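*Asks:* For reference, the file structure.cif (mmCIF, C-alpha atoms) is included below:
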data_start
#
loop_
_atom_site.label_atom_id
_atom_site.label_comp_id
_atom_site.auth_asym_id
_atom_site.auth_seq_id
_atom_site.Cartn_x
_atom_site.Cartn_y
_atom_site.Cartn_z
CA ARG U 1 0.00 0.00 0.00
CA LEU U 2 2.87 2.35 0.88
CA GLN U 3 4.67 1.62 -2.37
CA LYS U 4 1.51 2.26 -4.36
CA LEU U 5 0.90 5.52 -2.47
CA LYS U 6 4.50 6.60 -3.16
CA GLU U 7 4.16 5.89 -6.89
CA MET U 8 0.88 7.83 -7.11
CA PHE U 9 2.50 10.70 -5.18
CA ILE U 10 5.42 10.88 -7.62
CA SER U 11 3.15 10.84 -10.66
CA LYS U 12 0.95 13.55 -9.08
CA PHE U 13 3.58 15.94 -7.70
CA GLY U 14 6.74 14.99 -9.64
CA SER U 15 8.84 14.18 -6.58
CA ALA U 16 8.87 11.63 -3.75
CA PRO U 17 7.20 12.12 -0.34
CA LYS U 18 9.53 12.94 2.57
CA PHE U 19 7.43 11.23 5.26
CA TYR U 20 4.10 9.50 5.94
CA ALA U 21 1.59 9.88 8.76
CA ARG U 22 -1.13 7.45 9.77
CA ALA U 23 -4.09 7.74 12.15
CA PRO U 24 -6.51 4.86 12.83
CA GLY U 25 -10.29 4.82 12.97
CA ARG U 26 -11.90 3.46 16.10
CA VAL U 27 -14.80 1.40 17.33
CA ASN U 28 -16.40 2.30 20.63
CA LEU U 29 -17.18 -0.90 22.53
CA ILE U 30 -19.38 0.86 25.06
CA GLY U 31 -20.07 4.42 26.23
CA GLU U 32 -22.01 6.12 23.46
CA HIS U 33 -22.76 9.87 23.52
CA ILE U 34 -21.27 10.41 26.97
CA ASP U 35 -17.78 11.80 26.23
CA TYR U 36 -19.17 15.31 25.67
CA CYS U 37 -21.00 14.97 29.00
CA GLY U 38 -17.63 14.43 30.73
CA TYR U 39 -17.83 10.65 31.17
CA ALA U 40 -15.28 7.94 30.43
CA VAL U 41 -15.67 5.81 27.29
CA LEU U 42 -14.19 2.49 26.19
CA PRO U 43 -13.01 2.44 22.55
CA MET U 44 -10.28 0.61 20.68
CA ALA U 45 -8.43 1.60 17.52
CA ILE U 46 -9.17 -0.49 14.43
CA GLU U 47 -6.73 -1.55 11.74
CA GLN U 48 -8.41 0.66 9.10
CA ASP U 49 -6.80 4.09 8.92
CA ILE U 50 -6.04 7.35 7.13
CA LEU U 51 -2.56 7.41 5.59
CA ILE U 52 -1.03 10.61 4.20
CA ALA U 53 2.16 10.92 2.10
CA VAL U 54 3.76 14.34 2.57
CA GLU U 55 6.39 16.55 1.03
CA PRO U 56 7.04 19.94 2.70
CA VAL U 57 7.53 22.65 0.01
CA GLN U 58 9.01 26.15 -0.17
CA THR U 59 5.80 27.81 -1.41
CA GLN U 60 3.19 28.66 1.21
CA VAL U 61 0.55 26.50 -0.43
CA VAL U 62 -1.02 23.27 0.73
CA GLN U 63 -1.99 20.96 -2.13
CA LEU U 64 -4.27 18.09 -1.17
CA ALA U 65 -5.08 15.08 -3.33
CA ASN U 66 -6.87 11.82 -2.58
CA THR U 67 -6.31 8.32 -3.98
CA ASN U 68 -10.11 8.05 -4.22
CA SER U 69 -11.05 9.96 -7.38
CA SER U 70 -14.50 10.86 -6.02
CA TYR U 71 -12.73 13.27 -3.60
CA LEU U 72 -11.57 16.29 -5.59
CA ASP U 73 -8.14 17.91 -5.35
CA PHE U 74 -7.89 21.08 -3.29
CA SER U 75 -5.26 23.73 -2.72
CA THR U 76 -5.08 26.80 -0.51
CA SER U 77 -2.62 29.28 0.93
CA VAL U 78 -1.42 28.20 4.39
CA ASN U 79 -1.86 31.78 5.58
CA ASN U 80 -5.52 31.93 4.70
CA ILE U 81 -7.34 28.87 6.01
CA GLU U 82 -11.11 29.04 5.56
CA ILE U 83 -13.27 26.15 6.74
CA ASN U 84 -16.71 25.87 5.19
CA LYS U 85 -19.21 24.61 7.77
CA THR U 86 -22.18 24.55 5.43
CA LYS U 87 -20.86 21.83 3.12
CA PRO U 88 -18.41 19.63 5.04
CA GLN U 89 -16.11 18.29 2.30
CA TRP U 90 -13.15 16.00 2.92
CA HIS U 91 -10.48 18.71 2.68
CA ASN U 92 -12.19 20.78 5.41
CA TYR U 93 -11.34 18.08 7.96
CA PHE U 94 -7.69 18.27 6.90
CA LEU U 95 -7.84 22.07 7.30
CA CYS U 96 -9.19 21.66 10.86
CA GLY U 97 -6.06 19.73 11.90
CA LEU U 98 -3.79 22.14 10.03
CA LYS U 99 -5.38 25.22 11.59
CA GLY U 100 -5.38 23.70 15.09
CA ILE U 101 -1.59 23.21 15.04
CA GLN U 102 -0.93 26.59 13.39
CA GLU U 103 -2.96 28.41 16.04
CA HIS U 104 -1.47 26.44 18.93
CA PHE U 105 2.06 27.49 17.97
CA GLY U 106 1.08 30.87 16.50
CA LEU U 107 2.90 29.97 13.27
CA ASN U 108 3.32 33.10 11.16
CA ASN U 109 5.01 31.47 8.19
CA PRO U 110 3.82 27.88 8.19
CA THR U 111 5.39 25.38 5.78
CA GLY U 112 3.54 24.59 2.55
CA MET U 113 2.94 20.92 1.75
CA ASN U 114 2.00 18.49 -0.99
CA CYS U 115 -0.15 15.75 0.49
CA LEU U 116 -1.71 12.60 -0.95
CA LEU U 117 -4.26 10.88 1.22
CA ASP U 118 -5.39 7.26 1.24
CA GLY U 119 -8.15 6.03 3.53
CA THR U 120 -9.42 2.54 4.38
CA ILE U 121 -12.07 3.58 6.95
CA PRO U 122 -15.54 3.47 5.34
CA PRO U 123 -16.72 7.14 5.32
CA SER U 124 -19.78 8.26 7.33
CA SER U 125 -19.90 4.84 9.00
CA GLY U 126 -19.43 5.87 12.64
CA LEU U 127 -15.87 4.52 12.71
CA SER U 128 -14.43 7.99 13.03
CA SER U 129 -12.98 8.55 9.55
CA SER U 130 -13.36 12.32 9.89
CA SER U 131 -11.60 12.52 13.28
CA ALA U 132 -8.82 10.24 11.99
CA LEU U 133 -8.34 12.70 9.12
CA VAL U 134 -8.23 15.69 11.53
CA CYS U 135 -5.67 13.83 13.71
CA CYS U 136 -3.55 12.78 10.74
CA ALA U 137 -3.56 16.36 9.41
CA GLY U 138 -2.52 17.66 12.84
CA LEU U 139 0.36 15.18 12.93
CA VAL U 140 1.42 16.07 9.37
CA THR U 141 1.43 19.82 10.14
CA LEU U 142 3.37 19.27 13.37
CA ARG U 143 6.08 17.26 11.61
CA ALA U 144 6.32 19.51 8.52
CA ASN U 145 6.86 22.54 10.77
CA GLY U 146 9.47 20.81 12.94
CA LYS U 147 7.41 21.00 16.15
CA THR U 148 6.77 18.39 18.84
CA LEU U 149 3.89 17.72 21.26
CA SER U 150 2.88 14.84 23.51
CA LYS U 151 0.12 12.50 22.33
CA VAL U 152 -2.22 13.89 24.98
CA GLU U 153 -1.59 17.48 23.83
CA LEU U 154 -2.14 16.47 20.21
CA ALA U 155 -5.43 14.74 21.08
CA GLU U 156 -6.66 17.82 22.96
CA ILE U 157 -5.73 20.21 20.11
CA CYS U 158 -7.36 17.97 17.48
CA THR U 159 -10.54 17.68 19.59
CA LYS U 160 -10.83 21.47 19.75
CA SER U 161 -9.93 21.98 16.11
CA GLU U 162 -12.57 19.56 14.81
CA ARG U 163 -15.14 22.00 16.23
CA TYR U 164 -14.17 24.43 13.44
CA ILE U 165 -16.41 22.32 11.24
CA GLY U 166 -19.35 22.63 13.63
CA THR U 167 -19.30 19.23 15.39
CA GLU U 168 -19.50 19.55 19.19
CA GLY U 169 -17.59 16.33 19.91
CA GLY U 170 -16.27 15.28 23.28
CA GLY U 171 -12.79 14.01 22.47
CA MET U 172 -13.08 10.22 22.44
CA ASP U 173 -12.23 9.81 18.74
CA GLN U 174 -9.11 11.97 18.78
CA SER U 175 -7.89 10.49 22.09
CA ILE U 176 -8.04 6.87 20.99
CA SER U 177 -6.54 7.76 17.60
CA PHE U 178 -3.39 9.03 19.35
CA LEU U 179 -3.32 6.96 22.57
CA ALA U 180 -4.26 3.51 21.24
CA GLU U 181 -1.86 0.59 21.68
CA GLU U 182 -1.94 -2.70 19.86
CA GLY U 183 -3.74 -5.52 21.64
CA THR U 184 -5.67 -3.48 24.19
CA ALA U 185 -8.81 -1.37 24.35
CA LYS U 186 -8.62 1.80 26.45
CA LEU U 187 -10.73 3.40 29.15
CA ILE U 188 -10.48 7.07 28.19
CA GLU U 189 -11.24 9.63 30.89
CA PHE U 190 -11.45 13.39 30.46
CA SER U 191 -10.39 16.53 32.37
CA PRO U 192 -7.55 15.70 32.59
CA LEU U 193 -7.29 13.36 29.60
CA ARG U 194 -5.90 9.93 30.49
CA ALA U 195 -6.07 6.40 29.08
CA THR U 196 -5.96 3.08 30.94
CA ASP U 197 -5.45 -0.31 29.28
CA VAL U 198 -8.45 -2.62 29.25
CA ARG U 199 -7.54 -6.20 28.36
CA LEU U 200 -10.43 -7.79 26.51
CA PRO U 201 -11.19 -11.41 27.46
CA SER U 202 -9.99 -14.16 25.14
CA GLY U 203 -12.45 -16.39 23.32
CA ALA U 204 -14.35 -13.65 21.51
CA ALA U 205 -13.84 -11.48 18.44
CA PHE U 206 -15.30 -8.03 17.83
CA VAL U 207 -17.08 -7.78 14.50
CA ILE U 208 -17.98 -4.51 12.82
CA ALA U 209 -20.94 -4.46 10.44
CA ASN U 210 -21.83 -1.39 8.39
CA SER U 211 -25.58 -0.71 8.05
CA CYS U 212 -24.74 1.11 4.76
CA VAL U 213 -26.82 4.07 5.97
CA GLU U 214 -24.46 7.05 5.90
CA MET U 215 -24.49 9.55 8.73
CA ASN U 216 -22.49 12.76 8.49
CA LYS U 217 -22.32 14.35 11.98
CA ALA U 218 -21.34 17.76 10.67
CA ALA U 219 -24.13 17.87 8.08
CA THR U 220 -27.06 16.93 10.34
CA SER U 221 -28.41 18.55 13.48
CA HIS U 222 -29.36 15.35 15.40
CA TYR U 223 -25.96 15.17 17.06
CA ASN U 224 -25.74 18.81 18.15
CA ILE U 225 -29.35 18.76 19.42
CA ARG U 226 -28.41 15.87 21.76
CA VAL U 227 -25.42 17.84 23.03
CA MET U 228 -27.75 20.75 23.77
CA GLU U 229 -30.40 18.58 25.45
CA CYS U 230 -27.72 17.22 27.80
CA ARG U 231 -26.62 20.78 28.57
CA LEU U 232 -30.20 21.85 29.35
CA ALA U 233 -30.74 18.76 31.53
CA THR U 234 -27.55 19.75 33.40
CA LYS U 235 -28.95 23.24 34.05
CA LEU U 236 -32.34 21.99 35.31
CA LEU U 237 -30.84 19.32 37.56
CA SER U 238 -28.34 21.86 38.96
CA LYS U 239 -31.05 24.45 39.63
CA SER U 240 -33.24 21.91 41.43
CA LYS U 241 -30.34 21.05 43.74
CA GLY U 242 -29.43 24.66 44.51
CA LEU U 243 -26.18 24.61 42.52
CA ASP U 244 -24.92 27.57 40.47
CA TRP U 245 -26.64 26.31 37.30
CA LYS U 246 -25.24 29.06 35.07
CA LYS U 247 -21.74 27.62 35.45
CA MET U 248 -22.73 23.98 34.96
CA LEU U 249 -22.26 22.63 31.45
CA ARG U 250 -22.03 18.84 31.64
CA LEU U 251 -24.00 16.10 33.36
CA HIS U 252 -20.76 14.86 34.94
CA ASP U 253 -20.35 18.24 36.70
CA VAL U 254 -23.68 17.77 38.51
CA GLN U 255 -22.65 14.38 39.85
CA THR U 256 -19.24 15.69 40.93
CA ARG U 257 -20.70 18.73 42.72
CA LEU U 258 -23.33 16.65 44.50
CA GLY U 259 -20.81 13.95 45.38
CA VAL U 260 -23.22 11.11 44.68
CA SER U 261 -23.07 7.82 42.73
CA LEU U 262 -24.35 7.28 39.20
CA GLU U 263 -27.21 5.21 40.65
CA GLU U 264 -28.19 8.15 42.88
CA MET U 265 -28.05 10.47 39.87
CA LEU U 266 -30.55 8.21 38.10
CA THR U 267 -32.89 8.57 41.09
CA ILE U 268 -32.49 12.37 40.99
CA VAL U 269 -33.34 12.35 37.25
CA GLU U 270 -36.56 10.46 38.08
CA GLU U 271 -37.45 12.99 40.80
CA VAL U 272 -36.60 16.19 38.93
CA LEU U 273 -37.27 15.70 35.23
CA HIS U 274 -40.46 14.51 33.51
CA PRO U 275 -40.55 12.13 30.51
CA GLU U 276 -42.68 14.49 28.39
CA PRO U 277 -40.68 16.81 26.11
CA TYR U 278 -39.94 20.28 27.48
CA SER U 279 -40.84 23.37 25.48
CA ALA U 280 -38.42 26.28 25.38
CA GLU U 281 -40.96 28.26 27.47
CA GLU U 282 -41.07 25.60 30.18
CA ILE U 283 -37.26 25.49 30.37
CA CYS U 284 -37.25 29.29 30.81
CA LYS U 285 -39.82 29.00 33.59
CA CYS U 286 -37.78 26.33 35.40
CA LEU U 287 -34.61 28.43 35.18
CA GLY U 288 -36.33 31.76 35.79
CA ILE U 289 -35.02 33.36 32.61
CA SER U 290 -36.55 34.93 29.50
CA LEU U 291 -36.74 33.27 26.10
CA GLU U 292 -34.30 35.90 24.87
CA GLU U 293 -31.76 34.90 27.57
CA LEU U 294 -32.19 31.21 26.73
CA ARG U 295 -31.49 31.87 23.07
CA SER U 296 -28.59 34.24 23.52
CA GLN U 297 -26.86 32.64 26.53
CA ILE U 298 -27.51 28.90 26.32
CA LEU U 299 -28.69 27.74 22.90
CA SER U 300 -26.04 27.66 20.20
CA GLN U 301 -26.54 29.48 16.92
CA ASN U 302 -27.86 26.47 15.02
CA MET U 303 -30.31 25.50 17.81
CA GLN U 304 -32.41 28.68 17.77
CA ASP U 305 -35.34 27.07 15.95
CA VAL U 306 -35.59 23.86 17.99
CA SER U 307 -38.87 24.03 19.92
CA THR U 308 -38.93 20.91 22.13
CA PHE U 309 -36.26 19.10 24.12
CA LYS U 310 -36.23 15.62 25.71
CA LEU U 311 -34.24 16.06 28.89
CA TYR U 312 -35.32 13.10 31.06
CA GLN U 313 -34.50 10.52 28.36
CA ARG U 314 -31.10 12.01 27.51
CA ALA U 315 -29.95 12.33 31.13
CA LYS U 316 -31.18 8.82 31.91
CA HIS U 317 -29.18 7.40 29.00
CA VAL U 318 -26.00 9.28 29.95
CA TYR U 319 -25.95 8.26 33.62
CA SER U 320 -26.85 4.62 32.94
CA GLU U 321 -24.36 4.36 30.04
CA ALA U 322 -21.59 5.89 32.21
CA ALA U 323 -22.28 3.15 34.79
CA ARG U 324 -22.14 0.46 32.07
CA VAL U 325 -18.67 1.65 30.98
CA LEU U 326 -17.30 1.27 34.53
CA GLU U 327 -18.96 -2.13 34.88
CA PHE U 328 -17.47 -3.25 31.53
CA LYS U 329 -13.97 -2.29 32.67
CA LYS U 330 -14.46 -4.01 36.04
CA ILE U 331 -15.54 -7.28 34.36
CA CYS U 332 -12.48 -7.14 32.05
CA SER U 333 -10.18 -6.60 35.07
CA GLU U 334 -11.70 -9.30 37.27
CA ALA U 335 -12.25 -11.77 34.38
CA PRO U 336 -14.91 -14.01 35.99
CA ALA U 337 -15.76 -17.32 34.26
CA ASN U 338 -18.89 -15.81 32.68
CA ALA U 339 -17.14 -12.57 31.61
CA LEU U 340 -18.22 -12.81 27.97
CA GLN U 341 -21.87 -13.29 28.93
CA LEU U 342 -21.77 -10.28 31.28
CA LEU U 343 -20.05 -8.02 28.73
CA GLY U 344 -22.55 -9.09 26.07
CA GLU U 345 -25.47 -8.13 28.33
CA LEU U 346 -23.95 -4.67 28.88
CA MET U 347 -23.59 -4.16 25.11
CA ASN U 348 -27.22 -5.19 24.59
CA GLN U 349 -28.46 -2.84 27.32
CA SER U 350 -26.42 -0.06 25.76
CA HIS U 351 -28.10 -0.55 22.40
CA ILE U 352 -31.58 -0.53 23.94
CA SER U 353 -30.78 2.72 25.75
CA CYS U 354 -29.37 4.28 22.56
CA ARG U 355 -32.51 3.25 20.70
CA GLU U 356 -35.15 4.17 23.28
CA MET U 357 -33.67 6.89 25.49
CA TYR U 358 -31.20 8.63 23.21
CA GLU U 359 -33.07 7.88 19.98
CA CYS U 360 -29.88 7.69 17.94
CA SER U 361 -30.52 4.37 16.25
CA CYS U 362 -32.40 3.75 12.97
CA PRO U 363 -34.44 0.80 11.58
CA GLU U 364 -31.43 -0.60 9.66
CA LEU U 365 -29.18 -0.57 12.74
CA ASP U 366 -31.89 -2.24 14.84
CA ARG U 367 -32.34 -4.90 12.19
CA LEU U 368 -28.59 -5.49 11.96
CA VAL U 369 -28.29 -5.85 15.76
CA HIS U 370 -31.20 -8.32 15.71
CA ILE U 371 -29.56 -10.37 12.91
CA CYS U 372 -26.19 -10.42 14.71
CA LEU U 373 -27.77 -11.65 17.95
CA GLN U 374 -29.82 -14.21 16.04
CA PHE U 375 -26.67 -15.70 14.48
CA GLY U 376 -24.63 -16.09 17.63
CA ALA U 377 -23.33 -12.70 18.82
CA ILE U 378 -23.23 -12.55 22.63
CA GLY U 379 -23.72 -8.78 22.53
CA SER U 380 -24.39 -6.27 19.75
CA ARG U 381 -24.91 -2.53 19.64
CA LEU U 382 -24.65 0.53 17.43
CA THR U 383 -21.29 2.25 17.60
CA GLY U 384 -20.36 5.84 16.76
CA ALA U 385 -22.90 8.64 16.68
CA GLY U 386 -25.68 6.41 15.31
CA TRP U 387 -28.51 7.34 12.90
CA GLY U 388 -26.69 5.03 10.49
CA GLY U 389 -23.13 3.78 10.45
CA CYS U 390 -22.03 0.54 12.11
CA THR U 391 -22.78 -2.01 14.77
CA VAL U 392 -20.17 -3.80 16.87
CA SER U 393 -20.83 -7.36 18.01
CA MET U 394 -18.96 -9.68 20.35
CA VAL U 395 -18.83 -13.15 18.78
CA PRO U 396 -17.34 -16.36 20.22
CA THR U 397 -14.17 -17.07 18.22
CA ASP U 398 -15.28 -20.62 17.36
CA LYS U 399 -18.51 -19.30 15.79
CA LEU U 400 -16.88 -16.48 13.83
CA ASN U 401 -16.85 -17.97 10.34
CA THR U 402 -20.44 -19.18 10.35
CA PHE U 403 -21.50 -15.87 11.95
CA LEU U 404 -19.92 -13.86 9.11
CA LYS U 405 -21.46 -16.11 6.46
CA ASN U 406 -24.96 -15.90 7.97
CA VAL U 407 -24.91 -12.13 8.52
CA LYS U 408 -23.72 -11.59 4.93
CA LYS U 409 -26.60 -13.66 3.66
CA ALA U 410 -29.26 -12.13 5.90
CA TYR U 411 -28.29 -8.44 5.66
CA TYR U 412 -26.04 -7.76 2.68
CA GLN U 413 -27.22 -10.19 0.04
CA THR U 414 -30.84 -9.08 0.22
CA ASP U 415 -30.09 -5.62 -1.19
CA GLY U 416 -28.16 -4.57 -4.31
CA GLN U 417 -26.58 -1.48 -2.80
CA ARG U 418 -25.41 -3.35 0.30
CA LEU U 419 -24.16 -6.24 -1.81
CA ALA U 420 -21.85 -3.86 -3.68
CA ALA U 421 -20.39 -2.65 -0.38
CA GLU U 422 -20.25 -5.98 1.46
CA ASN U 423 -16.49 -6.59 1.14
CA ASN U 424 -15.45 -3.76 3.43
CA SER U 425 -18.73 -3.66 5.38
CA LEU U 426 -18.33 -6.71 7.60
CA PHE U 427 -15.06 -7.59 9.33
CA ALA U 428 -13.58 -8.81 12.58
CA THR U 429 -11.06 -6.46 14.16
CA LYS U 430 -8.43 -6.53 16.89
CA PRO U 431 -7.30 -3.52 18.95
CA GLY U 432 -4.82 -1.65 16.72
CA ARG U 433 -2.09 0.89 17.45
CA GLY U 434 -2.36 4.66 17.51
CA ALA U 435 -1.25 7.44 15.17
CA LEU U 436 2.37 7.69 14.06
CA VAL U 437 4.78 9.29 11.60
CA PHE U 438 7.28 7.23 9.64
CA VAL U 439 10.07 7.96 7.22
CA GLU U 440 11.39 5.49 4.66
CA ALA U 441 14.77 4.10 5.66
#
When written as structure tokens, how does the structure in this file appear?
*Replies:*
Amino acid sequence: RLQKLKEMFISKFGSAPKFYARAPGRVNLIGEHIDYCGYAVLPMAIEQDILIAVEPVQTQVVQLANTNSSYLDFSTSVNNIEINKTKPQWHNYFLCGLKGIQEHFGLNNPTGMNCLLDGTIPPSSGLSSSSALVCCAGLVTLRANGKTLSKVELAEICTKSERYIGTEGGGMDQSISFLAEEGTAKLIEFSPLRATDVRLPSGAAFVIANSCVEMNKAATSHYNIRVMECRLATKLLSKSKGLDWKKMLRLHDVQTRLGVSLEEMLTIVEEVLHPEPYSAEEICKCLGISLEELRSQILSQNMQDVSTFKLYQRAKHVYSEAARVLEFKKICSEAPANALQLLGELMNQSHISCREMYECSCPELDRLVHICLQFGAIGSRLTGAGWGGCTVSMVPTDKLNTFLKNVKKAYYQTDGQRLAAENNSLFATKPGRGALVFVEA
């Protein structure tokens, strides 16, 4: 693959690349939609990645090309980076990483670059292809400009810089892309960012299956509405408990300030919030503010027209999912005889909560989860933002081949479009290693 990339680079730019950077995609085993609420998640890097061949140049121009001809070439001056939020195209994610590093170091005369990108992560599949591209671009810019940072610093910069495109992510994707190590999943905790190895039990494989429904986080509002609903739930829970609600942004902050367990937080959610959707007016009444204050001080620019918010359901999902992550890690550490069964149950509960409380599933994902469980998965759930993308299933190693055959037949071979995509839509994966730069010897 490297040789092929090098040859394409030479035919495109007329000279050889000086170095290569790679950043992996990831699958989140458990802990969906809770990183931006401040809670720990449990992902692992996958073998699929973004690989970029790079040659620093004297001109202050960045030229970007892609081995996939459906992604058009792009070039821009390094001193004038503009990121278009309205139509998130592939090069905008590269520009996020570039701009993040430039701003961090205050680079006045950044190095120009010729870059050729090759990606093996299926796009818009919930396996974090866009974050891998942001991370890889950050790494490329760092190296081309002769700067160094720790992996943790890089992950934090790339998390912030992906927001240039309008996605209010929490940092899981960028963290695992940099901090992953081969053979182990990671418990990733935030503020401060840290990663702990989680050894997955033997005897099971993790299988990723793409629903073939594309979901682009930056192009749809579902994701950002959930972020906002969690923020509003934080404010109402804080107010009811006499905390300074104006300063509280994340559901994790409420738990920390109250000093209670996740189970107790679930009881508080039951007492304080009602299952019926809240109107903007009712939220204002609860907080004692005007509609104008709500819109200008709390709701983000693209949320001004949203009229109802489900707070009870979102908070309930976040606190129960945060507890499942800790339980998952504990089972992996203690490795009881029935570990696989217990982990599978947690994955199944997670999917039900994503479907019913967070409403981030879709009929195709639900069907795929059902098929996977039917053909021998011990646990199966959506992974990534949802509304399309992939499922991850835990399958006993001895059943793997028949599982793959049956799922192919039941989900992919019943539909022409899915059939065309089946080769890179269903695969078993092991925990892969994190982002790196390499130079040919």
*Asks:* Could you state the separation of CA of Leu200 in chain U and CA of Met215 in chain U in Å, given to one decimal place?
*Replies:*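 For CA of Leu200 in chain U relative to CA of Met215 in chain U, the distance reads 28.5 Å.
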*Asks:* Run the PyMOL selection byres ((chain U and resi 77) around 9) mentally over the shown coordinates, then write out the matched residues as a PyMOL selection string, using the chain letters and numbers from the document.
*Replies:* chain U and resi 59-63+75-76+78-81+112
*Asks:* Starting from the PyMOL selection byres ((chain U and resi 5) around 9), expand the selection into actual residues of this file and give them as a PyMOL selection string.
*Replies:* chain U and resi 1-4+6-10+51-53+67+116-118
*Asks:* With distances taken over all atoms listed in the file, which of U:Pro201, U:Gly169, U:Pro363, U:Gly434 is nearest to Asp49 in chain U?
*Replies:*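 For Asp49 in chain U, the nearest of the candidates is U:Gly434.
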*Asks:* Could you list the residues chosen by the PyMOL selection byres ((chain U and resi 255-265) around 9) in this structure as a JSON list (two decimals) with C-alpha atoms, in the frame of the given file?
*Replies:*
[["chain", "number", "residue", "atom", "x", "y", "z"],
["U", 241, "LYS", "CA", -30.34, 21.05, 43.74],
["U", 243, "LEU", "CA", -26.18, 24.61, 42.52],
["U", 251, "LEU", "CA", -24.00, 16.10, 33.36],
["U", 252, "HIS", "CA", -20.76, 14.86, 34.94],
["U", 253, "ASP", "CA", -20.35, 18.24, 36.70],
["U", 254, "VAL", "CA", -23.68, 17.77, 38.51],
["U", 266, "LEU", "CA", -30.55, 8.21, 38.10],
["U", 267, "THR", "CA", -32.89, 8.57, 41.09],
["U", 268, "ILE", "CA", -32.49, 12.37, 40.99],
["U", 269, "VAL", "CA", -33.34, 12.35, 37.25],
["U", 270, "GLU", "CA", -36.56, 10.46, 38.08],
["U", 316, "LYS", "CA", -31.18, 8.82, 31.91],
["U", 319, "TYR", "CA", -25.95, 8.26, 33.62],
["U", 320, "SER", "CA", -26.85, 4.62, 32.94],
["U", 322, "ALA", "CA", -21.59, 5.89, 32.21],
["U", 323, "ALA", "CA", -22.28, 3.15, 34.79]]
*Asks:* Take CA of Met394 in chain U and CA of Gly38 in chain U and report the distance between them in Å, one decimal.
*Replies:*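 About the pair CA of Met394 in chain U and CA of Gly38 in chain U: they are 26.3 Å apart.
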*Asks:* Pick from U:Gly376, U:Gly166, U:Gly432, U:Gly288: nearest to Lys246 in chain U, with all atoms listed in the file counted?
*Replies:* U:Gly288
*Asks:* So what do you get for CA of Arg367 in chain U versus CA of Pro431 in chain U, distance-wise?
*Replies:*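 Separation between CA of Arg367 in chain U and CA of Pro431 in chain U: 26.0 Å.
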*Asks:* Just checking: using only C-alpha atoms, which residue out of U:Ser128, U:Leu193, U:Thr402, U:Met172 ends up closest to Glu153 in chain U?
*Replies:* U:Leu193
*Asks:* Residues within 10 Å of Gly119 in chain U, please, as a count of residues only. Count only C-alpha atoms; anything in the same chain fewer than 2 positions from it doesn't count.
*Replies:* 19
*Asks:* Using all atoms listed in the file, which of U:Met113, U:Glu168, U:Gln102, U:Thr391 sits nearest Phe74 in chain U?
*Replies:* U:Met113
*Asks:* Pick the closest to Glu32 in chain U from U:Leu142, U:Cys354, U:Ala205, U:Ala195: which is it, counting only C-alpha atoms?
*Replies:*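 Ranking U:Leu142, U:Cys354, U:Ala205, U:Ala195 by distance to Glu32 in chain U, first place goes to U:Cys354.
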